[in-house]
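*Asks:* There's a structure below that I have some questions on.
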Amino acid sequence: MSFLNKLGLGVAPTREVSRPYGTNGGARTPAPTALAAVGATKTPQMGESTRLSNGLKEFLWNLDGLGRGTLLDLGPAWQTTLSFFIERGFRVSSEDILREWKEFLTEEETNLRQSGGELLETLDVTPAGRAKRFLESNLQYPASSFDAVLLWDLLDYFEPSLAKQVVASLTEVLRPGGIIFAMFHSKKPQGFQRYRVVDSTNLQVIASPVLCNVQRVYQNREIQDLFSRYRTVKAFIGRDQLRESLFIK
Amino acid sequence: MWKKEEVKSQAAAENAANSGASAAPGLSNPRDANFAVPVAPRATSGGAMISQGIRIKGEVTGSEDLYIDGHIEGKLNLTNSKLTIGPNGEVKADVFAREVIVLGRVDGKIVGRERIQLGSTGNVSGDLQTERLAIEDGAVLRGKIEIETGKPIQVHSEARGVAAGASGKISTPTLSSGTTAS
């Protein structure tokens, strides 16, 4: 067990690969060919499935007519997702924040090991302290610089204190009236998956190597508390234990 | 300031002649068979190469295609050429080229006038500005994307975040000064 696991951080081994998650799930349909965008047409591969996304549909509806908006995608840099929004006139920023969180934890673990425990005396290793240090070098954008944020299901994988601080940071970088698209698992997922936009109503679900373990399965009340500064909250519950939520600032 | 060691310019030029920067994959679709990004330099005429183990601090400018598998810190300006950063390449610099293929690591802004391509091993921390962008699954990007269609992209004159001195200016393929071979 790693040092950080002992501290309760639970970084998953990278070679663990999740199984395709609920490929026969109710809302999911056979994968269509992805939308061509910025020269890309993406054909679904093994371990990929598509799911109907009412949340995405509503998200896009809210962004309709925005013109040249700005979008922050906090998932991996998928060609199809980026192209989808770029083709619609968005200026897109990409930051795979979960990967960065994992790299941050790995680096901290290494530093703590190398220091032989000396750092433990000076470094704030509480979850809140770690979250603060992480956000000093991540999610650094000017205030009110984005119209929309794709948060995906990342909050489930962050320590609760980090999730809270991430939401606070996003609230700062989001313009008034801006919108966040997030997803929450209703129960602990069997595997780890990433998402990309196929078209305006479908998301592609991609089974991926486990980056981090799920830290928390949020209840509705907890989600509302997390986003208490937002004026509108909409939720769409899928049959695949995934809740899609929209938060409008 | 820097170690003035002999620059392996001849070797680089010969390498370029023998192996050179690879031909551009012409498609933007990462899943397309023709997308195959180069994992090793391939022979083309007129390209230069900075191979693994070579470290350059300063400014690299030129008018020929360049393949980088070493370390560059400073500024890269190949406005009318193709730049390929190989899987072992590490660039801490703002990059300006006609076409940029990233298989290694780049920390800085990339301006690819015609195209930028991130291979599955590519890792970019910086903004991208181009007309066409191709991202292969697995590529890591942290930055803003600006697609500029049909608009001339200006080359900025200041390197960002690195201490590139005046004496560190290098032109490809001669690689004449300011380098440290390691």
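In the structure tokens, chains take letters A, B, ... by order of appearance, with residues numbered from 1 within each chain and ligands from 1 in the order shown.
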Need the shell around Val100 (chain B): protein/DNA/RNA residues with any atom at most 7 Å away, counting only C-alpha atoms. Skip same-chain ones fewer than 2 positions apart. Format as a list in words?

*Replies:*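 Listed by chain and then number, they are Lys82, Leu83, Thr84, Ala97, Arg98, Val102, Gly112, Arg115, Ile116 and Gln117 of chain B.
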
*Asks:* For Asp124 (chain A), please output as a ChimeraX atom specification all residues within 12 Å (counting only C-alpha atoms; exclusion window: fewer than 5 positions along the same chain).

*Replies:* /A:108,112,118-119,129-134

*Asks:* A:Asp73, A:Glu121, A:Glu95, A:Asp225: which is nearest Val197 (chain A), counting only C-alpha atoms?

*Replies:* A:Asp73

*Asks:* Just give me the gap between CA of Ile54 (chain B) and CA of Ile72 (chain B) in Å, one decimal is fine.

*Replies:*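 Separating CA of Ile54 (chain B) from CA of Ile72 (chain B) is a distance of 8.4 Å.
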
*Asks:* Which polymer residues have any atom within 12 Å of an atom of Phe104 (chain A), counting only C-alpha atoms, with same-chain residues fewer than 3 positions away left out, as a PyMOL selection string?

*Replies:* chain A and resi 4+9+11+97-101+107-111+130-138+212

*Asks:* Name the residues of region 58-103 of chain B that come out as strand (DSSP E) in a backbone DSSP run; write them as a PyMOL selection string.

*Replies:* chain B and resi 58-61+66-68+71-85+90-102

*Asks:* I want to know what sits within 8 Å of Leu118 (chain B), based on only C-alpha atoms, with residues of the same chain fewer than 4 positions away left out; could you give that as a short mmCIF file (atom, residue, chain, number, x, y, z; two decimals) with all heavy atoms, in the first residue's frame?

*Replies:*
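In the end it all went to out_16.cif:
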data_model
loop_
_atom_site.label_atom_id
_atom_site.label_comp_id
_atom_site.auth_asym_id
_atom_site.auth_seq_id
_atom_site.Cartn_x
_atom_site.Cartn_y
_atom_site.Cartn_z
N ILE B 101 4.07 18.91 -35.46
CA ILE B 101 3.65 17.58 -35.02
C ILE B 101 4.29 17.33 -33.66
O ILE B 101 5.50 17.43 -33.51
CB ILE B 101 4.08 16.50 -36.03
CG1 ILE B 101 3.44 16.76 -37.39
CG2 ILE B 101 3.70 15.11 -35.52
CD1 ILE B 101 3.97 15.88 -38.50
N VAL B 102 3.47 17.01 -32.68
CA VAL B 102 4.00 16.83 -31.32
C VAL B 102 3.82 15.38 -30.89
O VAL B 102 2.70 14.90 -30.76
CB VAL B 102 3.29 17.76 -30.32
CG1 VAL B 102 3.89 17.59 -28.93
CG2 VAL B 102 3.37 19.21 -30.76
N LEU B 103 4.93 14.72 -30.69
CA LEU B 103 4.91 13.36 -30.13
C LEU B 103 5.55 13.35 -28.75
O LEU B 103 5.46 12.37 -28.02
CB LEU B 103 5.67 12.40 -31.05
CG LEU B 103 5.21 12.39 -32.50
CD1 LEU B 103 6.15 11.57 -33.35
CD2 LEU B 103 3.81 11.85 -32.61
N GLY B 122 1.89 12.77 -27.31
CA GLY B 122 2.13 14.21 -27.20
C GLY B 122 1.59 14.78 -25.90
O GLY B 122 0.54 14.36 -25.41
N ASN B 123 2.32 15.71 -25.35
CA ASN B 123 1.91 16.35 -24.10
C ASN B 123 2.23 17.84 -24.22
O ASN B 123 3.38 18.23 -24.27
CB ASN B 123 2.68 15.72 -22.93
CG ASN B 123 2.17 16.20 -21.60
OD1 ASN B 123 1.80 17.36 -21.44
ND2 ASN B 123 2.16 15.31 -20.62
N ALA B 134 -5.36 18.39 -35.24
CA ALA B 134 -5.66 16.96 -35.12
C ALA B 134 -5.11 16.46 -33.79
O ALA B 134 -3.96 16.70 -33.46
CB ALA B 134 -5.01 16.20 -36.28
N ILE B 135 -5.96 15.78 -33.05
CA ILE B 135 -5.54 15.28 -31.74
C ILE B 135 -5.80 13.78 -31.69
O ILE B 135 -6.93 13.33 -31.83
CB ILE B 135 -6.31 15.97 -30.60
CG1 ILE B 135 -6.12 17.48 -30.67
CG2 ILE B 135 -5.85 15.45 -29.25
CD1 ILE B 135 -6.95 18.26 -29.67
N GLU B 136 -4.77 13.04 -31.49
CA GLU B 136 -4.91 11.59 -31.37
C GLU B 136 -5.30 11.24 -29.94
O GLU B 136 -4.89 11.93 -28.99
CB GLU B 136 -3.58 10.94 -31.73
CG GLU B 136 -3.73 9.50 -32.16
CD GLU B 136 -2.40 8.90 -32.60
OE1 GLU B 136 -1.39 9.62 -32.66
OE2 GLU B 136 -2.38 7.69 -32.87
N ALA B 139 -3.39 11.92 -26.32
CA ALA B 139 -2.63 13.17 -26.23
C ALA B 139 -3.11 13.97 -25.02
O ALA B 139 -4.28 13.92 -24.66
CB ALA B 139 -2.82 13.98 -27.50
#

*Asks:* Take CA of Lys144 (chain B) and CA of Asn88 (chain B) and report the distance between them in Å, one decimal.

*Replies:*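 Value for the CA of Lys144 (chain B)-CA of Asn88 (chain B) distance: 23.9 Å.
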
*Asks:* As an exercise, work out the distance from CA of Ser186 (chain A) to CA of Arg243 (chain A) in Å and give it to one decimal place.

*Replies:*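 Straight-line distance from CA of Ser186 (chain A) to CA of Arg243 (chain A) works out to 6.7 Å.
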
*Asks:* Please provide as a ChimeraX atom specification all residues within 7 Å of Lys249 (chain A), with the sequence filter that same-chain residues fewer than 6 positions apart are discarded (counting only C-alpha atoms).

*Replies:* /A:176-179,230-231

*Asks:* Any chance you could export the current selection's all heavy atoms as a JSON list (two decimals), in the first residue's frame?

*Replies:*
[["chain", "number", "residue", "atom", "x", "y", "z"],
["A", 176, "PRO", "N", -21.28, 35.37, -15.04],
["A", 176, "PRO", "CA", -22.67, 35.32, -14.60],
["A", 176, "PRO", "C", -23.55, 34.80, -15.74],
["A", 176, "PRO", "O", -23.42, 35.25, -16.88],
["A", 176, "PRO", "CB", -22.99, 36.78, -14.27],
["A", 176, "PRO", "CG", -21.66, 37.41, -13.99],
["A", 176, "PRO", "CD", -20.68, 36.70, -14.87],
["A", 177, "GLY", "N", -24.38, 33.86, -15.46],
["A", 177, "GLY", "CA", -25.20, 33.24, -16.51],
["A", 177, "GLY", "C", -24.51, 32.06, -17.16],
["A", 177, "GLY", "O", -25.11, 31.35, -17.97],
["A", 178, "GLY", "N", -23.26, 31.85, -16.80],
["A", 178, "GLY", "CA", -22.51, 30.72, -17.35],
["A", 178, "GLY", "C", -23.05, 29.39, -16.83],
["A", 178, "GLY", "O", -23.76, 29.34, -15.81],
["A", 179, "ILE", "N", -22.66, 28.32, -17.50],
["A", 179, "ILE", "CA", -23.28, 27.03, -17.19],
["A", 179, "ILE", "C", -22.23, 25.93, -17.04],
["A", 179, "ILE", "O", -21.23, 25.90, -17.76],
["A", 179, "ILE", "CB", -24.31, 26.68, -18.30],
["A", 179, "ILE", "CG1", -25.08, 25.41, -17.96],
["A", 179, "ILE", "CG2", -23.68, 26.56, -19.67],
["A", 179, "ILE", "CD1", -26.31, 25.20, -18.84],
["A", 230, "TYR", "N", -25.30, 28.74, -7.19],
["A", 230, "TYR", "CA", -25.85, 28.77, -8.56],
["A", 230, "TYR", "C", -27.36, 28.97, -8.49],
["A", 230, "TYR", "O", -28.03, 28.43, -7.61],
["A", 230, "TYR", "CB", -25.50, 27.48, -9.29],
["A", 230, "TYR", "CG", -24.03, 27.43, -9.64],
["A", 230, "TYR", "CD1", -23.07, 27.23, -8.66],
["A", 230, "TYR", "CD2", -23.60, 27.62, -10.94],
["A", 230, "TYR", "CE1", -21.71, 27.22, -8.95],
["A", 230, "TYR", "CE2", -22.25, 27.61, -11.25],
["A", 230, "TYR", "CZ", -21.31, 27.42, -10.25],
["A", 230, "TYR", "OH", -19.98, 27.42, -10.56],
["A", 231, "ARG", "N", -27.86, 29.73, -9.46],
["A", 231, "ARG", "CA", -29.27, 30.10, -9.37],
["A", 231, "ARG", "C", -30.17, 29.01, -9.93],
["A", 231, "ARG", "O", -31.32, 28.90, -9.53],
["A", 231, "ARG", "CB", -29.53, 31.44, -10.05],
["A", 231, "ARG", "CG", -29.27, 31.48, -11.54],
["A", 231, "ARG", "CD", -29.55, 32.88, -12.10],
["A", 231, "ARG", "NE", -29.02, 33.04, -13.43],
["A", 231, "ARG", "CZ", -29.67, 32.72, -14.53],
["A", 231, "ARG", "NH1", -30.87, 32.19, -14.46],
["A", 231, "ARG", "NH2", -29.11, 32.93, -15.72]]

*Asks:* Would you please work out which residue, of A:Asp147, A:Glu58, A:Glu159, A:Glu87, is nearest to chain B when using only C-alpha atoms?

*Replies:*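 Of all the options, A:Glu87 lies closest to chain B.
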
*Asks:* Smallest atom-to-atom distance to Ser94 (chain A): which of A:Ser200, A:Gln165, A:Thr70, A:Ser49, using only C-alpha atoms?

*Replies:*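 Closest residue, counting only C-alpha atoms: A:Thr70.
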
*Asks:* Neighbours of Val149 (chain A) within 8 Å (only C-alpha atoms; same-chain residues fewer than 2 positions away dropped), as an MDAnalysis selection string?

*Replies:* chainID A and resid 71:74 146:147 151 174 179:181

*Asks:* Rank nothing, just name the residue among B:Pro87, B:Arg142, B:Arg132, B:Asp137 nearest to Lys109 (chain B), using only C-alpha atoms.

*Replies:*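 Closest residue, counting only C-alpha atoms: B:Arg142.
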